[in-house]
$ cat work.cif   # mmCIF, C-alpha atoms and all ligand atoms
data_input
loop_
_atom_site.label_atom_id
_atom_site.label_comp_id
_atom_site.auth_asym_id
_atom_site.auth_seq_id
_atom_site.Cartn_x
_atom_site.Cartn_y
_atom_site.Cartn_z
CA MET A 1 237.78 2.90 1.63
CA ARG A 2 234.96 3.32 4.14
CA SER A 3 236.15 3.57 7.74
CA THR A 4 232.87 2.45 9.32
CA ALA A 5 230.40 -0.35 8.71
CA PRO A 6 228.28 0.15 5.58
CA THR A 7 224.93 1.66 6.59
CA SER A 8 222.44 0.36 3.96
CA GLY A 9 220.53 -2.83 4.82
CA LEU A 10 222.46 -4.90 2.26
CA VAL A 11 224.96 -7.23 3.93
CA HIS A 12 228.42 -7.24 2.38
CA LEU A 13 229.77 -10.80 2.54
CA ALA A 14 233.43 -11.75 2.02
CA LEU A 15 234.18 -15.25 0.72
CA PRO A 16 237.71 -16.69 0.84
CA LYS A 17 239.93 -17.24 -2.16
CA GLY A 18 242.42 -20.07 -1.83
CA ARG A 19 242.61 -23.04 0.52
CA MET A 20 239.38 -22.44 2.39
CA GLN A 21 237.21 -21.67 -0.62
CA GLU A 22 236.12 -25.17 -1.62
CA ASN A 23 234.73 -26.13 1.78
CA VAL A 24 233.06 -22.76 2.32
CA LEU A 25 231.33 -22.95 -1.07
CA ARG A 26 230.22 -26.52 -0.35
CA LEU A 27 228.81 -25.40 3.01
CA LEU A 28 226.87 -22.59 1.37
CA GLY A 29 225.69 -24.95 -1.38
CA ASP A 30 224.50 -27.54 1.13
CA ALA A 31 222.51 -24.77 2.83
CA GLY A 32 220.77 -24.12 -0.51
CA ILE A 33 222.68 -20.89 -1.19
CA ARG A 34 223.72 -20.69 -4.83
CA LEU A 35 226.66 -18.64 -6.07
CA THR A 36 227.05 -17.83 -9.74
CA PHE A 37 230.54 -16.93 -10.91
CA ASP A 38 231.63 -14.99 -13.96
CA LYS A 39 234.82 -16.28 -15.52
CA ARG A 40 237.69 -14.77 -13.44
CA GLY A 41 235.19 -12.48 -11.73
CA TYR A 42 235.52 -12.01 -7.99
CA ARG A 43 231.95 -10.81 -7.42
CA PRO A 44 229.67 -13.86 -7.64
CA SER A 45 225.96 -13.27 -7.48
CA ILE A 46 224.43 -14.91 -4.43
CA SER A 47 220.93 -16.37 -4.26
CA LEU A 48 220.34 -15.45 -0.59
CA ASP A 49 218.25 -12.29 -0.20
CA GLY A 50 219.90 -9.32 1.48
CA PHE A 51 223.51 -10.18 0.55
CA GLU A 52 226.11 -9.18 -2.00
CA ALA A 53 229.34 -11.19 -2.12
CA LYS A 54 232.96 -10.63 -3.02
CA ILE A 55 235.95 -13.00 -3.08
CA LEU A 56 239.08 -11.90 -1.19
CA LYS A 57 242.16 -13.60 0.25
CA PRO A 58 241.46 -14.55 3.88
CA GLN A 59 244.08 -12.15 5.23
CA ASN A 60 242.35 -9.27 3.43
CA ILE A 61 238.94 -10.45 4.63
CA VAL A 62 240.14 -9.93 8.20
CA GLU A 63 241.41 -6.45 7.33
CA MET A 64 238.23 -5.42 5.52
CA LEU A 65 236.01 -6.71 8.32
CA HIS A 66 238.12 -4.93 10.91
CA ALA A 67 237.93 -1.72 8.89
CA GLY A 68 234.18 -2.21 8.50
CA SER A 69 234.02 -2.08 4.71
CA ARG A 70 232.67 -5.69 4.79
CA ASP A 71 230.03 -6.82 7.27
CA VAL A 72 230.57 -10.54 7.51
CA GLY A 73 233.03 -13.06 6.11
CA PHE A 74 234.93 -16.30 6.42
CA ALA A 75 238.50 -16.29 7.72
CA GLY A 76 240.94 -18.49 9.60
CA ALA A 77 241.18 -17.97 13.37
CA ASP A 78 244.95 -17.74 12.86
CA TRP A 79 244.77 -14.57 10.75
CA ILE A 80 242.14 -13.03 12.99
CA ALA A 81 244.52 -13.52 15.94
CA GLU A 82 247.55 -12.45 13.91
CA GLN A 83 245.93 -9.17 12.93
CA GLY A 84 244.40 -8.60 16.38
CA ALA A 85 241.11 -7.86 14.62
CA GLU A 86 238.17 -7.03 16.87
CA LEU A 87 235.47 -9.13 15.24
CA VAL A 88 232.47 -11.06 16.48
CA GLU A 89 232.74 -14.80 15.87
CA LEU A 90 229.38 -16.09 14.66
CA LEU A 91 230.31 -19.67 13.83
CA ASP A 92 233.31 -21.97 14.10
CA THR A 93 232.69 -24.11 11.03
CA GLY A 94 235.47 -26.53 12.06
CA LEU A 95 236.40 -26.66 8.37
CA ASP A 96 240.02 -26.85 7.17
CA PRO A 97 241.56 -27.28 10.62
CA VAL A 98 245.25 -26.44 10.97
CA ARG A 99 247.75 -26.10 13.78
CA ILE A 100 250.16 -23.20 14.03
CA VAL A 101 253.36 -24.75 15.32
CA ALA A 102 256.96 -23.92 16.10
CA ALA A 103 259.28 -26.34 14.34
CA ALA A 104 263.01 -26.76 13.84
CA GLY A 105 265.54 -29.12 12.34
CA PRO A 106 267.26 -31.62 14.67
CA GLU A 107 270.59 -29.78 14.25
CA CYS A 108 269.13 -26.74 16.01
CA LEU A 109 267.62 -28.61 18.95
CA GLU A 110 269.32 -29.31 22.27
CA ASN A 111 267.72 -32.32 23.99
CA GLY A 112 264.66 -31.80 21.78
CA LYS A 113 264.32 -28.16 22.86
CA LEU A 114 265.13 -24.82 21.29
CA PRO A 115 268.52 -23.46 22.40
CA ALA A 116 268.98 -20.95 25.23
CA ARG A 117 271.19 -18.84 22.92
CA PRO A 118 269.57 -16.17 20.69
CA PHE A 119 268.11 -17.66 17.48
CA VAL A 120 266.22 -16.68 14.32
CA VAL A 121 262.57 -17.52 13.56
CA ALA A 122 261.02 -17.34 10.07
CA THR A 123 257.25 -16.89 9.93
CA GLU A 124 254.27 -15.35 8.15
CA TYR A 125 252.71 -14.91 11.61
CA GLU A 126 254.91 -12.18 13.10
CA ARG A 127 252.58 -11.21 15.93
CA LEU A 128 251.75 -14.79 16.96
CA ALA A 129 255.43 -15.77 16.81
CA ARG A 130 256.51 -12.76 18.88
CA ARG A 131 253.86 -13.50 21.49
CA TRP A 132 254.89 -17.16 21.67
CA LEU A 133 258.59 -16.26 21.94
CA ASP A 134 257.93 -13.76 24.75
CA ALA A 135 255.63 -16.15 26.62
CA ASN A 136 258.36 -18.80 26.55
CA GLY A 137 261.22 -16.45 27.39
CA HIS A 138 263.07 -17.09 24.11
CA ASP A 139 265.58 -14.56 22.82
CA ALA A 140 264.95 -14.56 19.05
CA ARG A 141 264.86 -12.38 15.98
CA VAL A 142 261.82 -12.73 13.68
CA ILE A 143 262.11 -12.77 9.87
CA ARG A 144 258.86 -12.26 7.92
CA SER A 145 258.42 -15.00 5.32
CA TYR A 146 255.98 -14.88 2.40
CA GLY A 147 255.34 -18.63 1.97
CA ALA A 148 257.70 -21.62 1.66
CA THR A 149 258.62 -20.95 5.29
CA GLU A 150 259.72 -24.55 5.86
CA VAL A 151 262.74 -24.10 3.60
CA PHE A 152 264.33 -21.36 5.74
CA PRO A 153 266.11 -23.66 8.25
CA PRO A 154 268.91 -24.30 8.78
CA GLU A 155 270.74 -21.67 6.70
CA ASP A 156 268.34 -18.73 6.84
CA ALA A 157 266.61 -19.36 10.17
CA ASP A 158 266.90 -21.75 13.11
CA CYS A 159 263.22 -22.30 13.61
CA ILE A 160 259.85 -21.53 12.02
CA VAL A 161 256.34 -20.71 13.20
CA ASP A 162 253.97 -21.92 10.49
CA ASN A 163 250.72 -23.74 9.90
CA THR A 164 250.50 -27.45 9.36
CA ALA A 165 247.60 -29.62 8.25
CA THR A 166 248.82 -33.11 7.31
CA GLY A 167 252.40 -32.46 8.45
CA ALA A 168 253.72 -33.50 5.04
CA THR A 169 255.57 -30.22 4.35
CA LEU A 170 257.30 -30.23 7.74
CA LYS A 171 258.35 -33.85 7.22
CA ALA A 172 259.58 -33.26 3.68
CA ASN A 173 261.79 -30.47 4.98
CA GLY A 174 263.13 -32.44 7.95
CA LEU A 175 261.48 -30.26 10.62
CA LEU A 176 260.22 -31.42 14.02
CA ILE A 177 257.39 -29.76 15.94
CA VAL A 178 258.63 -28.29 19.22
CA ASP A 179 255.45 -26.52 20.35
CA GLU A 180 251.88 -25.73 19.33
CA VAL A 181 251.17 -22.00 19.16
CA MET A 182 247.44 -22.24 18.37
CA ARG A 183 244.76 -24.23 16.53
CA SER A 184 242.77 -22.67 13.74
CA SER A 185 239.81 -23.44 11.48
CA THR A 186 237.47 -21.48 9.24
CA ARG A 187 235.31 -19.03 11.20
CA LEU A 188 232.37 -16.88 10.15
CA VAL A 189 233.00 -13.46 11.65
CA ALA A 190 231.32 -10.06 11.58
CA HIS A 191 232.14 -6.42 12.17
CA PRO A 192 230.55 -5.56 15.56
CA ARG A 193 228.70 -2.51 14.20
CA SER A 194 227.01 -4.57 11.46
CA LEU A 195 225.25 -6.51 14.21
CA GLU A 196 223.89 -3.30 15.74
CA HIS A 197 221.97 -2.57 12.51
CA PRO A 198 218.62 -4.39 13.07
CA GLU A 199 217.99 -5.26 9.41
CA LYS A 200 221.53 -6.51 8.84
CA ARG A 201 221.53 -8.39 12.08
CA ALA A 202 218.38 -10.30 11.07
CA THR A 203 219.86 -11.08 7.63
CA ILE A 204 223.14 -12.27 9.17
CA GLU A 205 221.36 -14.37 11.80
CA HIS A 206 219.41 -16.11 9.05
CA LEU A 207 222.69 -17.00 7.31
CA VAL A 208 224.12 -18.34 10.59
CA LEU A 209 220.98 -20.43 11.18
CA LEU A 210 221.23 -21.96 7.70
CA LEU A 211 224.92 -22.75 7.98
CA ARG A 212 224.63 -24.12 11.50
CA SER A 213 221.78 -26.39 10.37
CA VAL A 214 224.07 -27.94 7.76
CA LEU A 215 227.01 -28.33 10.16
CA ASP A 216 224.73 -29.94 12.77
CA ALA A 217 223.24 -32.25 10.13
CA ARG A 218 226.72 -33.36 9.03
CA ARG A 219 227.40 -34.58 12.56
CA ARG A 220 224.18 -36.62 12.73
CA VAL A 221 222.45 -39.44 10.88
CA MET A 222 218.83 -40.58 10.96
CA ILE A 223 218.39 -44.05 12.36
CA GLU A 224 215.16 -46.04 11.99
CA VAL A 225 214.63 -49.35 13.72
CA ASN A 226 211.81 -51.81 14.29
CA VAL A 227 211.32 -52.89 17.89
CA PRO A 228 209.00 -55.49 19.48
CA ALA A 229 206.72 -53.89 22.09
CA ALA A 230 208.53 -55.63 24.94
CA SER A 231 211.89 -54.09 23.91
CA LEU A 232 210.69 -50.55 23.22
CA GLU A 233 211.83 -48.88 26.45
CA ALA A 234 215.20 -50.68 26.40
CA VAL A 235 215.91 -49.45 22.85
CA VAL A 236 214.65 -45.90 23.42
CA GLU A 237 216.88 -45.70 26.50
CA VAL A 238 220.07 -46.06 24.42
CA LEU A 239 219.10 -43.60 21.66
CA PRO A 240 221.00 -40.29 22.09
CA CYS A 241 218.44 -38.33 20.04
CA MET A 242 217.94 -34.56 19.86
CA ARG A 243 214.69 -34.40 21.85
CA GLU A 244 212.51 -37.54 22.04
CA PRO A 245 212.50 -40.20 19.31
CA THR A 246 209.52 -40.52 16.97
CA ILE A 247 207.65 -43.74 17.68
CA ALA A 248 205.03 -45.17 15.32
CA PRO A 249 203.06 -48.44 15.75
CA LEU A 250 203.65 -51.12 13.11
CA HIS A 251 200.72 -52.68 11.27
CA HIS A 252 199.01 -55.69 12.90
CA GLU A 253 200.49 -54.68 16.30
CA ALA A 254 203.86 -56.08 15.17
CA GLY A 255 205.78 -53.69 17.41
CA PHE A 256 207.03 -50.14 16.81
CA ALA A 257 209.15 -48.19 14.37
CA VAL A 258 211.52 -45.86 16.23
CA LYS A 259 213.22 -42.95 14.48
CA ALA A 260 215.87 -40.56 15.85
CA ALA A 261 218.64 -38.23 14.67
CA VAL A 262 221.78 -39.46 16.43
CA PRO A 263 225.44 -38.37 16.42
CA ARG A 264 227.24 -40.08 13.56
CA ALA A 265 230.20 -40.85 15.83
CA ASP A 266 227.96 -42.90 18.16
CA LEU A 267 226.73 -45.17 15.37
CA PRO A 268 229.02 -48.23 15.79
CA GLU A 269 228.26 -48.60 19.51
CA LEU A 270 224.62 -47.70 18.99
CA ILE A 271 223.98 -50.39 16.39
CA ARG A 272 225.48 -52.97 18.72
CA ALA A 273 223.32 -51.75 21.65
CA ILE A 274 220.13 -51.68 19.56
CA LYS A 275 220.71 -55.23 18.28
CA GLU A 276 221.45 -56.47 21.81
CA ARG A 277 218.17 -54.95 22.98
CA GLY A 278 216.09 -56.63 20.28
CA GLY A 279 215.94 -53.95 17.56
CA THR A 280 215.82 -55.17 13.94
CA ASP A 281 215.70 -53.79 10.37
CA ILE A 282 217.97 -50.83 11.16
CA VAL A 283 218.04 -48.17 8.43
CA VAL A 284 220.59 -45.35 8.61
CA SER A 285 220.27 -42.34 6.31
CA GLY A 286 221.89 -38.94 5.83
CA ILE A 287 220.37 -35.64 6.96
CA ALA A 288 220.71 -32.45 4.89
CA GLN A 289 219.80 -29.81 7.47
CA ILE A 290 218.63 -29.64 11.08
CA VAL A 291 216.87 -26.37 11.89
CA PRO A 292 215.95 -26.12 15.59
N1 LIG B 301 246.34 -26.98 4.43
C1 LIG B 301 246.41 -25.67 4.64
N2 LIG B 301 247.54 -24.99 4.36
C2 LIG B 301 247.60 -23.67 4.54
N3 LIG B 301 246.61 -22.90 5.03
C3 LIG B 301 245.49 -23.52 5.35
C4 LIG B 301 245.31 -24.93 5.16
N4 LIG B 301 244.07 -25.24 5.57
C5 LIG B 301 243.49 -24.11 5.99
N5 LIG B 301 244.33 -23.06 5.86
C6 LIG B 301 244.02 -21.70 6.23
O1 LIG B 301 243.92 -20.92 5.06
C7 LIG B 301 244.21 -19.56 5.38
C8 LIG B 301 245.19 -19.02 4.38
O2 LIG B 301 244.63 -19.21 3.13
P1 LIG B 301 245.48 -19.04 1.83
O3 LIG B 301 244.61 -19.36 0.68
O4 LIG B 301 246.19 -17.73 1.89
O5 LIG B 301 246.51 -20.23 2.06
P2 LIG B 301 247.90 -20.42 1.37
O6 LIG B 301 247.97 -21.86 1.00
O7 LIG B 301 248.94 -19.93 2.33
O8 LIG B 301 247.78 -19.52 0.07
P3 LIG B 301 248.93 -19.03 -0.87
O9 LIG B 301 249.83 -20.21 -1.09
O10 LIG B 301 248.18 -18.57 -2.08
O11 LIG B 301 249.60 -17.92 -0.11
C9 LIG B 301 244.74 -19.53 6.80
O12 LIG B 301 243.74 -19.09 7.68
C10 LIG B 301 245.07 -20.99 7.05
O13 LIG B 301 244.97 -21.35 8.41
O1 LIG B 302 250.89 -29.81 6.66
P1 LIG B 302 250.64 -29.76 5.17
O2 LIG B 302 249.47 -30.58 4.75
O3 LIG B 302 251.87 -30.06 4.40
O4 LIG B 302 250.16 -28.27 4.80
C1 LIG B 302 250.73 -27.10 5.33
C2 LIG B 302 251.53 -26.35 4.32
O5 LIG B 302 250.68 -25.92 3.24
C3 LIG B 302 250.75 -24.50 3.13
O6 LIG B 302 251.70 -24.12 2.21
P2 LIG B 302 251.36 -23.80 0.68
O7 LIG B 302 251.44 -25.05 -0.12
O8 LIG B 302 250.10 -23.04 0.58
O9 LIG B 302 252.56 -22.89 0.30
P3 LIG B 302 253.05 -21.53 0.98
O10 LIG B 302 253.89 -21.97 2.15
O11 LIG B 302 253.82 -20.88 -0.08
O12 LIG B 302 251.82 -20.75 1.42
C4 LIG B 302 251.17 -24.04 4.52
O13 LIG B 302 251.77 -22.76 4.51
C5 LIG B 302 252.13 -25.12 4.94
O14 LIG B 302 253.39 -24.90 4.39
#
$ encode --input "work.cif" --output "structure tokens"
Amino acid sequence: MRSTAPTSGLVHLALPKGRMQENVLRLLGDAGIRLTFDKRGYRPSISLDGFEAKILKPQNIVEMLHAGSRDVGFAGADWIAEQGAELVELLDTGLDPVRIVAAAGPECLENGKLPARPFVVATEYERLARRWLDANGHDARVIRSYGATEVFPPEDADCIVDNTATGATLKANGLLIVDEVMRSSTRLVAHPRSLEHPEKRATIEHLVLLLRSVLDARRRVMIEVNVPAASLEAVVEVLPCMREPTIAPLHHEAGFAVKAAVPRADLPELIRAIKERGGTDIVVSGIAQIVP
């Protein structure tokens, strides 16, 4: 294995196998980046110039990026922290959010808290668990689990440190959350030396621009509304657009058409405010990409 970042201009990209794969591939696809897979092959061809891609488990992606044999890749913030990898975060995609929590069965808890006596913690996240235990002054022994961590209590451990998304697995195993250790989501990260290589840096920055444009677009919608001349300023005032809205005169001086990309989350209040201010014929449509 190489011990430093690859030196040719080709960027070595690591894509996740497992949980995070679907959303990462959809993000790339929405950015117009096509991946072609061979049956059971882990080296898809990628349509974006300057890249070659390989599929790895997220935990290995962190290792390979830290070692410098891959330049850039997708991994969970949890495993980056767990491995103490010194990587540059290029993008928090916000995809596949999870919480890393400490949880225990009611029989282990004293007034809803972990006991003062020494106890046993099962976890895949040894470093994160140890740090959390020390920070909270707990006296505990850590057992390394390899999945199915929730089944350890009460016989094989008192408590667990594990990730949770919907909470269904904790509930099904009768475990209660006692603390949150960290929050995690899918990040795009790079080996620091890969960003010192001018050609690679430019290639990587182009990828980041494309992906960010999709993530930004997902948070916004395009709203178009017709406004009588007398209401124009009142409607424009409530539009939280990116710069200034586009305003076009309607035929026969029938008012104006106003168009703006607005945060999707603001839409319910915005529609009410536009109607109150005299806007009509509101059309809302999706946006594929927003490139600044
Ligand atoms: N619902 C989820 N459950 C587990 N991990 C998730 C979930 N959503 C995102 N992740 C993230 O996926 C990464 C681990 O991916 P991986 O494919 O190894 O998950 P896994 O379900 O534990 O896989 P496996 O069961 O094959 O070990 C971690 O960074 C984790 O935070
Ligand atoms: O909060 P939830 O939506 O229930 O999801 C979280 C659970 O899913 C994952 O387990 P997975 O099914 O991958 O099995 P594993 O524990 O063997 O990795 C993870 O390790 C949690 O156990």
$ closest_residue --input "work.cif" --among "A:Leu13, A:Ile282, A:Gly50, A:Leu27" --to "Lys200 (chain A)" --atoms "all atoms listed in the file"
A:Gly50
$ atom_distance --input "work.cif" --atom1 "CA of Ile223 (chain A)" --atom2 "CA of Val258 (chain A)"
8.1 Å
$ closest_residue --input "work.cif" --among "A:Ala81, A:Ala265, A:Cys108, A:Val225" --to "Tyr125 (chain A)" --atoms "all atoms listed in the file"
A:Ala81
$ residues_near_ligand --input "work.cif" --ligand "ligand LIG 302 (chain B)" --cutoff "6 Å" --atoms "all atoms listed in the file" --output "ChimeraX atom specification"
/A:147-149,163-169
$ residues_near_ligand --input "work.cif" --ligand "ligand LIG 301 (chain B)" --cutoff "7 Å" --atoms "only C-alpha atoms and all ligand atoms" --output "list of chain:residue names"
A:Lys17, A:Gly18, A:Arg19, A:Met20, A:Lys57, A:Pro58, A:Gln59, A:Ala75, A:Gly76, A:Ala77, A:Asp78, A:Trp79, A:Asp96, A:Pro97, A:Val98, A:Gly147, A:Asn163, A:Thr164, A:Ala165, A:Ser184, A:Ser185, A:Thr186
$ residues_near_point --input "work.cif" --point "(232.5, -4.3, 6.6)" --cutoff "12 Å" --atoms "only C-alpha atoms" --output "NGL selection string"
:A and (1-8 or 10-14 or 52-54 or 60-73 or 87-88 or 189-195 or 200)
$ write_last_selection --input "work.cif" --atoms "C-alpha atoms" --output "compact mmCIF listing (two decimals), in the coordinates of the input"
# COMPACT_ATOMS: atom_id res chain seq x y z
CA MET A 1 237.78 2.90 1.63
CA ARG A 2 234.96 3.32 4.14
CA SER A 3 236.15 3.57 7.74
CA THR A 4 232.87 2.45 9.32
CA ALA A 5 230.40 -0.35 8.71
CA PRO A 6 228.28 0.15 5.58
CA THR A 7 224.93 1.66 6.59
CA SER A 8 222.44 0.36 3.96
CA LEU A 10 222.46 -4.90 2.26
CA VAL A 11 224.96 -7.23 3.93
CA HIS A 12 228.42 -7.24 2.38
CA LEU A 13 229.77 -10.80 2.54
CA ALA A 14 233.43 -11.75 2.02
CA GLU A 52 226.11 -9.18 -2.00
CA ALA A 53 229.34 -11.19 -2.12
CA LYS A 54 232.96 -10.63 -3.02
CA ASN A 60 242.35 -9.27 3.43
CA ILE A 61 238.94 -10.45 4.63
CA VAL A 62 240.14 -9.93 8.20
CA GLU A 63 241.41 -6.45 7.33
CA MET A 64 238.23 -5.42 5.52
CA LEU A 65 236.01 -6.71 8.32
CA HIS A 66 238.12 -4.93 10.91
CA ALA A 67 237.93 -1.72 8.89
CA GLY A 68 234.18 -2.21 8.50
CA SER A 69 234.02 -2.08 4.71
CA ARG A 70 232.67 -5.69 4.79
CA ASP A 71 230.03 -6.82 7.27
CA VAL A 72 230.57 -10.54 7.51
CA GLY A 73 233.03 -13.06 6.11
CA LEU A 87 235.47 -9.13 15.24
CA VAL A 88 232.47 -11.06 16.48
CA VAL A 189 233.00 -13.46 11.65
CA ALA A 190 231.32 -10.06 11.58
CA HIS A 191 232.14 -6.42 12.17
CA PRO A 192 230.55 -5.56 15.56
CA ARG A 193 228.70 -2.51 14.20
CA SER A 194 227.01 -4.57 11.46
CA LEU A 195 225.25 -6.51 14.21
CA LYS A 200 221.53 -6.51 8.84
$ atom_distance --input "work.cif" --atom1 "CA of Arg130 (chain A)" --atom2 "CA of Val142 (chain A)"
7.4 Å
$ residues_around --input "work.cif" --residues "Ala104 (chain A)" --least-positions-apart "3" --cutoff "12 Å" --atoms "only C-alpha atoms" --output "PyMOL selection string"
chain A and resi 101+107-110+112-115+119-122+149-162+170-171+173-179
